[in-house]
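All remarks here apply to the structure that follows.
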Amino acid sequence: MNPLDALARDPVIGSYLHELTERVEARSQSIFFRNQKGMVLARALERLPDVQPSSIDADRDCIRIGAPGDIDGNQTTSLHEVLCALKPWRKGPFEIFGIRIDSEWNSSIKWNRLAGHLGSLAGKRILDIGSSCGYYMFRLAVKQPALILGIEPYPNFYFQFLALARYLAFPQVHCLPLKLEEMPAMQRCFDMVMCMGILYHRRSPLDTLLQIHGRMVPGGQLVLETLVMEGDNEMALFPEKRYAKMNNIFFIPTVACLTHWLTRSGFEDIQCLDISRTTSQEQRKTDWIDTESLADFLDPGDPQKTVEGYPAPVRAMLLATARRR
Ligand SMILES: C[S@@+](CC[C@H](N)C(=O)[O-])C[C@H]1O[C@@H](n2cnc3c(N)ncnc32)[C@H](O)[C@@H]1O
């Protein structure tokens with residue numbers, strides 16, 4: 001089903017349908033299908049085996065779709081080709097009719113840091129910013145929320161979601177190919193917002209937190225996961241050019257600094273659930289990416305540092321509540 005048709009039926013999100021439709025169309029026609037990339041990926045999806053999986057299981061570390069016996073040899077070849085065309089697979093893992101997608105990130109590790117802290121999600125509306133292939137949305141879907149909306153502007157990840165959703169057909173899970181800054185204001189629409197792996201990519205993290213706050217119902221829950229600096233001071237690192245070979249990293253705060261950003265952006269009850277150094281168990285090169293990975297981003301002589309000499313990646317997972325205004 002067209003996600004916009006499904007969103008139209010939601011009594012809260014539906015009132016933004018006109019703006020959402022305009023922005024999705026603008027993106028599809030201009031940027032999203034630039035260089036025909038979107039068209040090529042859309043055509044690849046047409047070659048997905050047209051079968052219903054004998055069963056699905058999104059409530060496990062490796063999300064499983066069907067069993068090897070559900071499809072024949074030709075269909076397995078065709079499925080493998082489509083999945084390869086959708087590389088790089090950053091988030092996962094998945095097992096799709098017996099084909100294991102060993103993604104660059106073992107996303108179950110991040111999920112397991114969070115899952116035990118989530119209360120009931122029944123009936124809630126959730127926004128996942130930068131949802132990638134939808135791994136976390138599928139894990140959340142098992143908890144019976146009313147609606148999960150992902151936004152993911154990068155074509156490969158958006159089409160990965162479409163490929164997976166072809167079989168993981170949760171009626172309440174949708175993804176739009178939008179950037180956060182392209183979304184309508186959608187005031188007070190979401191009971192929970194997932195902002196994971198996003199904030200350090202933002203030039204203005206406080207404005208991002210304010211934009212998120214505006215979209216949340218008062219009392220709603222923010223899941224914030226981001227790179228942090230270790231230590232108790234109230235500082236943020238601002239790398240000169242690159243951090244771990246990435247040229248789109250701006251502010252990396254301590255947890256104390258991040259807590260101040262959250263407080264000053266309208267959040268309260270801020271809890272830091274976890275602080276973990278990123279290890280090669282969580283992020284590493286696999287056959288499903290063609291790029292470098294963590295080991296290449298660290299100083300070979302001192303893995304406590306990035307190749308630029310900054311502290312190696314450490315991530316924090318926080319929960320915060322949107323204050324009533
Ligand atoms: C580091 S990944 C994090 C993915 C996932 N949320 C996680 O924590 O594993 C950042 C994601 O945000 C997407 N993204 C990039 N720019 C964005 C923007 N302006 N608005 C929303 N998402 C964006 C990327 O394509 C990518 O999928």
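Residue numbering restarts at 1 in every chain; chains get A, B, ... in the order shown in the structure tokens, and ligands count up from 1 in that same order.
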
(request) Taking only C-alpha atoms and all ligand atoms into account, report as a list in words which residues have an atom no farther than 6 Å from an atom of ligand 1. (result)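 Residues lying within 6 Å of ligand 1: Ile129, Gly130, Ser131, Ser132, Ile151, Glu152, Pro153, Tyr154, Lys179, Leu180, Met196, Gly197 and Ile198 of chain A.
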
(message) If we count only C-alpha atoms and set the cut-off at 12 Å, which residues sit around A:Ala8, ignoring sequence neighbours fewer than 5 positions away in its own chain? Please answer as a list in words.
(response)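 Within the cut-off, the hits are Met1, Asn2, Pro3, Ile13, Gly14, Ser15, Tyr16, Leu17, His18, Glu19, Leu20, Thr21, Leu147 and His174 of chain A.
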
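Shell of A:Asp72 at 12 Å, with only C-alpha atoms counted and residues fewer than 6 places along the chain excluded, is Pro49, Asp50, Val51, Ser78, Leu79, Phe97 and Gly98 of chain A.
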
(message) Nearest residue to A:Glu268 out of A:Leu206, A:Met229, A:Leu222, A:Leu294, using only C-alpha atoms?
(response)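 Ranking A:Leu206, A:Met229, A:Leu222, A:Leu294 by distance to A:Glu268, first place goes to A:Leu222.
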
(request) State, in Å with one decimal place, the distance from atom CA of A:Ile101 to atom CA of A:Ser28. (result)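 Going from atom CA of A:Ile101 over to atom CA of A:Ser28 covers 27.4 Å.
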
(request) Can you work out the spacing between atom CA of A:Trp105 and atom CA of A:Arg202 in Å, to one decimal? (result) 21.2 Å

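Within 7 Å of A:Ala122, once only C-alpha atoms are used and residues closer than 5 positions along the same chain are dropped, the contacting residues are Lys143, Gln144, Pro145 and Ala146 of chain A.
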
Those same residues, written as an mmCIF file, in the first residue's frame with N, CA and C atoms?
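Result file result-v7.cif:
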data_model
loop_
_atom_site.group_PDB
_atom_site.id
_atom_site.type_symbol
_atom_site.label_atom_id
_atom_site.label_comp_id
_atom_site.auth_asym_id
_atom_site.auth_seq_id
_atom_site.Cartn_x
_atom_site.Cartn_y
_atom_site.Cartn_z
ATOM 1 N N LYS A 143 5.858 -4.573 19.195
ATOM 2 C CA LYS A 143 5.294 -4.046 20.440
ATOM 3 C C LYS A 143 3.958 -3.331 20.235
ATOM 4 N N GLN A 144 3.355 -3.521 19.070
ATOM 5 C CA GLN A 144 1.976 -3.064 18.795
ATOM 6 C C GLN A 144 1.731 -1.554 18.908
ATOM 7 N N PRO A 145 2.639 -0.705 18.426
ATOM 8 C CA PRO A 145 2.287 0.720 18.383
ATOM 9 C C PRO A 145 1.218 0.962 17.311
ATOM 10 N N ALA A 146 0.582 2.140 17.389
ATOM 11 C CA ALA A 146 -0.449 2.457 16.384
ATOM 12 C C ALA A 146 0.198 2.720 15.037
#

(request) List the neighbours of A:Met235 out to 10 Å using only C-alpha atoms; skip same-chain residues closer than 6 positions along the sequence, and give me the result as a list in words. (result) Met229, Phe251, Ile252, Pro253, Thr254, Val255, Ala256, Cys257 and Leu258 of chain A

(request) Mind the document's chain letters and residue numbers, and return as an NGL selection string the residues of stretch 109-316 of chain A that DSSP labels helix (DSSP H, G or I). (result) :A and (109-117 or 135-141 or 155-165 or 180-182 or 199-201 or 205-215 or 255-264 or 294-297)

(request) For atom CA of A:Cys189 and atom CA of A:Ile148, determine how far apart the two atoms are, in Å to one decimal place. (result)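 Interatomic distance, atom CA of A:Cys189 to atom CA of A:Ile148: 11.5 Å.
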
(message) Measuring between only C-alpha atoms, which one of A:Glu104, A:Arg203, A:Phe267, A:Cys62 shows the shortest distance to A:Phe250?
(response)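 That would be A:Arg203, the residue with the smallest distance to A:Phe250.
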
Residues near stretch 37-47 of chain A, anyone? I mean within 12 Å using only C-alpha atoms, not counting same-chain ones fewer than 2 positions away, as a PDB file with N, CA, C and O atoms, in the first residue's frame.
ATOM      1  N   ARG A  27      10.719  15.474  -3.566  1.00  0.00           N
ATOM      2  CA  ARG A  27      11.957  14.708  -3.396  1.00  0.00           C
ATOM      3  C   ARG A  27      12.073  13.637  -4.475  1.00  0.00           C
ATOM      4  O   ARG A  27      13.134  13.422  -5.049  1.00  0.00           O
ATOM      5  N   SER A  28      10.968  12.958  -4.747  1.00  0.00           N
ATOM      6  CA  SER A  28      10.997  11.874  -5.730  1.00  0.00           C
ATOM      7  C   SER A  28      11.384  12.405  -7.103  1.00  0.00           C
ATOM      8  O   SER A  28      12.164  11.793  -7.822  1.00  0.00           O
ATOM      9  N   GLN A  29      10.830  13.569  -7.447  1.00  0.00           N
ATOM     10  CA  GLN A  29      11.057  14.062  -8.799  1.00  0.00           C
ATOM     11  C   GLN A  29      12.412  14.735  -8.986  1.00  0.00           C
ATOM     12  O   GLN A  29      12.978  14.681 -10.066  1.00  0.00           O
ATOM     13  N   SER A  30      12.913  15.357  -7.949  1.00  0.00           N
ATOM     14  CA  SER A  30      14.154  16.092  -8.155  1.00  0.00           C
ATOM     15  C   SER A  30      15.354  15.326  -7.615  1.00  0.00           C
ATOM     16  O   SER A  30      16.068  14.647  -8.353  1.00  0.00           O
ATOM     17  N   ILE A  31      15.521  15.356  -6.320  1.00  0.00           N
ATOM     18  CA  ILE A  31      16.757  14.855  -5.747  1.00  0.00           C
ATOM     19  C   ILE A  31      16.774  13.331  -5.707  1.00  0.00           C
ATOM     20  O   ILE A  31      17.759  12.692  -6.056  1.00  0.00           O
ATOM     21  N   PHE A  32      15.648  12.734  -5.303  1.00  0.00           N
ATOM     22  CA  PHE A  32      15.660  11.326  -4.981  1.00  0.00           C
ATOM     23  C   PHE A  32      15.965  10.459  -6.200  1.00  0.00           C
ATOM     24  O   PHE A  32      16.649   9.443  -6.105  1.00  0.00           O
ATOM     25  N   PHE A  33      15.448  10.858  -7.348  1.00  0.00           N
ATOM     26  CA  PHE A  33      15.690  10.053  -8.547  1.00  0.00           C
ATOM     27  C   PHE A  33      16.788  10.640  -9.432  1.00  0.00           C
ATOM     28  O   PHE A  33      16.899  10.321 -10.595  1.00  0.00           O
ATOM     29  N   ARG A  34      17.619  11.491  -8.822  1.00  0.00           N
ATOM     30  CA  ARG A  34      18.759  12.055  -9.530  1.00  0.00           C
ATOM     31  C   ARG A  34      19.625  10.916 -10.066  1.00  0.00           C
ATOM     32  O   ARG A  34      19.795   9.902  -9.409  1.00  0.00           O
ATOM     33  N   ASN A  35      20.168  11.088 -11.248  1.00  0.00           N
ATOM     34  CA  ASN A  35      21.024  10.080 -11.894  1.00  0.00           C
ATOM     35  C   ASN A  35      20.335   8.729 -12.036  1.00  0.00           C
ATOM     36  O   ASN A  35      20.984   7.689 -12.072  1.00  0.00           O
ATOM     37  N   PRO A  49      11.323 -12.247  -5.386  1.00  0.00           N
ATOM     38  CA  PRO A  49      10.398 -13.375  -5.533  1.00  0.00           C
ATOM     39  C   PRO A  49       8.993 -13.014  -5.033  1.00  0.00           C
ATOM     40  O   PRO A  49       8.858 -12.435  -3.953  1.00  0.00           O
ATOM     41  N   ASP A  50       8.005 -13.346  -5.825  1.00  0.00           N
ATOM     42  CA  ASP A  50       6.626 -13.013  -5.491  1.00  0.00           C
ATOM     43  C   ASP A  50       6.018 -14.164  -4.678  1.00  0.00           C
ATOM     44  O   ASP A  50       5.213 -14.940  -5.178  1.00  0.00           O
ATOM     45  N   VAL A  51       6.449 -14.267  -3.445  1.00  0.00           N
ATOM     46  CA  VAL A  51       5.942 -15.333  -2.567  1.00  0.00           C
ATOM     47  C   VAL A  51       5.652 -14.750  -1.184  1.00  0.00           C
ATOM     48  O   VAL A  51       6.229 -13.727  -0.801  1.00  0.00           O
ATOM     49  N   ASN A  74      16.061 -20.758  -8.650  1.00  0.00           N
ATOM     50  CA  ASN A  74      16.093 -19.549  -9.488  1.00  0.00           C
ATOM     51  C   ASN A  74      15.686 -18.313  -8.684  1.00  0.00           C
ATOM     52  O   ASN A  74      16.263 -17.236  -8.827  1.00  0.00           O
ATOM     53  N   GLN A  75      14.688 -18.502  -7.834  1.00  0.00           N
ATOM     54  CA  GLN A  75      14.225 -17.371  -7.013  1.00  0.00           C
ATOM     55  C   GLN A  75      15.301 -16.960  -6.007  1.00  0.00           C
ATOM     56  O   GLN A  75      15.474 -15.770  -5.725  1.00  0.00           O
ATOM     57  N   THR A  76      16.029 -17.960  -5.486  1.00  0.00           N
ATOM     58  CA  THR A  76      17.111 -17.638  -4.540  1.00  0.00           C
ATOM     59  C   THR A  76      18.194 -16.822  -5.235  1.00  0.00           C
ATOM     60  O   THR A  76      18.696 -15.820  -4.695  1.00  0.00           O
ATOM     61  N   THR A  77      18.533 -17.209  -6.486  1.00  0.00           N
ATOM     62  CA  THR A  77      19.550 -16.469  -7.250  1.00  0.00           C
ATOM     63  C   THR A  77      19.082 -15.039  -7.484  1.00  0.00           C
ATOM     64  O   THR A  77      19.828 -14.072  -7.285  1.00  0.00           O
ATOM     65  N   SER A  78      17.841 -14.922  -7.887  1.00  0.00           N
ATOM     66  CA  SER A  78      17.290 -13.602  -8.194  1.00  0.00           C
ATOM     67  C   SER A  78      17.254 -12.729  -6.923  1.00  0.00           C
ATOM     68  O   SER A  78      17.628 -11.541  -6.946  1.00  0.00           O
ATOM     69  N   LEU A  79      16.837 -13.328  -5.805  1.00  0.00           N
ATOM     70  CA  LEU A  79      16.778 -12.583  -4.534  1.00  0.00           C
ATOM     71  C   LEU A  79      18.180 -12.106  -4.137  1.00  0.00           C
ATOM     72  O   LEU A  79      18.358 -10.945  -3.743  1.00  0.00           O
ATOM     73  N   HIS A  80      19.161 -12.989  -4.280  1.00  0.00           N
ATOM     74  CA  HIS A  80      20.524 -12.626  -3.905  1.00  0.00           C
ATOM     75  C   HIS A  80      21.004 -11.444  -4.752  1.00  0.00           C
ATOM     76  O   HIS A  80      21.638 -10.503  -4.248  1.00  0.00           O
ATOM     77  N   GLU A  81      20.678 -11.474  -6.053  1.00  0.00           N
ATOM     78  CA  GLU A  81      21.093 -10.371  -6.946  1.00  0.00           C
ATOM     79  C   GLU A  81      20.444  -9.047  -6.522  1.00  0.00           C
ATOM     80  O   GLU A  81      21.098  -7.999  -6.511  1.00  0.00           O
ATOM     81  N   VAL A  82      19.164  -9.107  -6.182  1.00  0.00           N
ATOM     82  CA  VAL A  82      18.473  -7.870  -5.772  1.00  0.00           C
ATOM     83  C   VAL A  82      19.112  -7.322  -4.488  1.00  0.00           C
ATOM     84  O   VAL A  82      19.406  -6.126  -4.383  1.00  0.00           O
ATOM     85  N   LEU A  83      19.353  -8.214  -3.523  1.00  0.00           N
ATOM     86  CA  LEU A  83      19.918  -7.767  -2.243  1.00  0.00           C
ATOM     87  C   LEU A  83      21.315  -7.178  -2.446  1.00  0.00           C
ATOM     88  O   LEU A  83      21.675  -6.188  -1.800  1.00  0.00           O
ATOM     89  N   CYS A  84      22.077  -7.763  -3.381  1.00  0.00           N
ATOM     90  CA  CYS A  84      23.412  -7.211  -3.677  1.00  0.00           C
ATOM     91  C   CYS A  84      23.291  -5.842  -4.342  1.00  0.00           C
ATOM     92  O   CYS A  84      24.094  -4.942  -4.068  1.00  0.00           O
ATOM     93  N   ALA A  85      22.286  -5.664  -5.192  1.00  0.00           N
ATOM     94  CA  ALA A  85      22.098  -4.369  -5.871  1.00  0.00           C
ATOM     95  C   ALA A  85      21.767  -3.265  -4.869  1.00  0.00           C
ATOM     96  O   ALA A  85      21.968  -2.084  -5.155  1.00  0.00           O
ATOM     97  N   LEU A  86      21.243  -3.663  -3.717  1.00  0.00           N
ATOM     98  CA  LEU A  86      20.839  -2.680  -2.700  1.00  0.00           C
ATOM     99  C   LEU A  86      21.966  -2.343  -1.716  1.00  0.00           C
ATOM    100  O   LEU A  86      21.776  -1.570  -0.788  1.00  0.00           O
ATOM    101  N   LYS A  87      23.157  -2.921  -1.888  1.00  0.00           N
ATOM    102  CA  LYS A  87      24.285  -2.619  -0.993  1.00  0.00           C
ATOM    103  C   LYS A  87      24.560  -1.113  -0.954  1.00  0.00           C
ATOM    104  O   LYS A  87      24.319  -0.446  -1.959  1.00  0.00           O
ATOM    105  N   PRO A 153      16.297   9.508   3.747  1.00  0.00           N
ATOM    106  CA  PRO A 153      16.486  10.146   2.435  1.00  0.00           C
ATOM    107  C   PRO A 153      17.455   9.432   1.498  1.00  0.00           C
ATOM    108  O   PRO A 153      17.482   9.745   0.309  1.00  0.00           O
ATOM    109  N   TYR A 154      18.265   8.517   2.021  1.00  0.00           N
ATOM    110  CA  TYR A 154      19.305   7.910   1.173  1.00  0.00           C
ATOM    111  C   TYR A 154      18.684   6.765   0.368  1.00  0.00           C
ATOM    112  O   TYR A 154      18.112   5.821   0.934  1.00  0.00           O
ATOM    113  N   PRO A 155      18.750   6.823  -0.986  1.00  0.00           N
ATOM    114  CA  PRO A 155      17.976   5.872  -1.792  1.00  0.00           C
ATOM    115  C   PRO A 155      18.228   4.402  -1.471  1.00  0.00           C
ATOM    116  O   PRO A 155      17.278   3.632  -1.339  1.00  0.00           O
ATOM    117  N   ASN A 156      19.480   3.986  -1.326  1.00  0.00           N
ATOM    118  CA  ASN A 156      19.717   2.553  -1.092  1.00  0.00           C
ATOM    119  C   ASN A 156      19.014   2.068   0.175  1.00  0.00           C
ATOM    120  O   ASN A 156      18.420   0.992   0.191  1.00  0.00           O
ATOM    121  N   PHE A 157      19.084   2.877   1.234  1.00  0.00           N
ATOM    122  CA  PHE A 157      18.486   2.443   2.504  1.00  0.00           C
ATOM    123  C   PHE A 157      16.958   2.459   2.396  1.00  0.00           C
ATOM    124  O   PHE A 157      16.287   1.569   2.914  1.00  0.00           O
ATOM    125  N   TYR A 158      16.433   3.483   1.719  1.00  0.00           N
ATOM    126  CA  TYR A 158      14.974   3.559   1.536  1.00  0.00           C
ATOM    127  C   TYR A 158      14.475   2.344   0.748  1.00  0.00           C
ATOM    128  O   TYR A 158      13.477   1.710   1.121  1.00  0.00           O
ATOM    129  N   PHE A 159      15.187   1.978  -0.309  1.00  0.00           N
ATOM    130  CA  PHE A 159      14.755   0.815  -1.100  1.00  0.00           C
ATOM    131  C   PHE A 159      15.026  -0.494  -0.357  1.00  0.00           C
ATOM    132  O   PHE A 159      14.315  -1.479  -0.563  1.00  0.00           O
ATOM    133  N   GLN A 160      16.022  -0.522   0.506  1.00  0.00           N
ATOM    134  CA  GLN A 160      16.193  -1.710   1.363  1.00  0.00           C
ATOM    135  C   GLN A 160      14.933  -1.890   2.218  1.00  0.00           C
ATOM    136  O   GLN A 160      14.418  -3.009   2.354  1.00  0.00           O
ATOM    137  N   PHE A 161      14.446  -0.769   2.779  1.00  0.00           N
ATOM    138  CA  PHE A 161      13.214  -0.854   3.581  1.00  0.00           C
ATOM    139  C   PHE A 161      12.070  -1.407   2.729  1.00  0.00           C
ATOM    140  O   PHE A 161      11.335  -2.304   3.163  1.00  0.00           O
ATOM    141  N   LEU A 162      11.922  -0.884   1.510  1.00  0.00           N
ATOM    142  CA  LEU A 162      10.806  -1.342   0.673  1.00  0.00           C
ATOM    143  C   LEU A 162      10.924  -2.836   0.376  1.00  0.00           C
ATOM    144  O   LEU A 162       9.926  -3.557   0.359  1.00  0.00           O
ATOM    145  N   ALA A 163      12.165  -3.297   0.139  1.00  0.00           N
ATOM    146  CA  ALA A 163      12.364  -4.723  -0.144  1.00  0.00           C
ATOM    147  C   ALA A 163      11.972  -5.558   1.076  1.00  0.00           C
ATOM    148  O   ALA A 163      11.257  -6.561   0.950  1.00  0.00           O
ATOM    149  N   LEU A 164      12.415  -5.145   2.253  1.00  0.00           N
ATOM    150  CA  LEU A 164      12.106  -5.911   3.473  1.00  0.00           C
ATOM    151  C   LEU A 164      10.609  -5.855   3.782  1.00  0.00           C
ATOM    152  O   LEU A 164      10.006  -6.865   4.167  1.00  0.00           O
ATOM    153  N   ALA A 165      10.018  -4.663   3.603  1.00  0.00           N
ATOM    154  CA  ALA A 165       8.602  -4.487   3.941  1.00  0.00           C
ATOM    155  C   ALA A 165       7.696  -5.273   2.989  1.00  0.00           C
ATOM    156  O   ALA A 165       6.534  -5.523   3.301  1.00  0.00           O
ATOM    157  N   ARG A 166       8.254  -5.650   1.835  1.00  0.00           N
ATOM    158  CA  ARG A 166       7.485  -6.495   0.911  1.00  0.00           C
ATOM    159  C   ARG A 166       7.100  -7.809   1.610  1.00  0.00           C
ATOM    160  O   ARG A 166       6.053  -8.394   1.331  1.00  0.00           O
ATOM    161  N   PRO A 177      10.779   8.920   1.982  1.00  0.00           N
ATOM    162  CA  PRO A 177      12.168   9.254   1.608  1.00  0.00           C
ATOM    163  C   PRO A 177      12.512  10.717   1.887  1.00  0.00           C
ATOM    164  O   PRO A 177      12.946  11.443   0.992  1.00  0.00           O
TER     165      PRO A 177
END

(message) as a ChimeraX atom specification, please: every residue in stretch 201-286 of chain A that DSSP puts in strand (DSSP E or B).
(response) /A:216-227,229,236-237,243,246,252-254,267-277,283

(request) Please provide as an MDAnalysis selection string all residues within 10 Å of A:Arg90, with the sequence filter that same-chain residues fewer than 2 positions apart are discarded (counting only C-alpha atoms). (result) chainID A and resid 87:88 92:93 101:107 132:133 157 283:286 288:289

(request) Using only C-alpha atoms, pick whichever of A:Leu178, A:Ala236, A:Ala244, A:Ala322 has the shortest atom-to-atom distance to A:Ile270. (result)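 Among A:Leu178, A:Ala236, A:Ala244, A:Ala322, it is A:Ala322 that comes nearest to A:Ile270.
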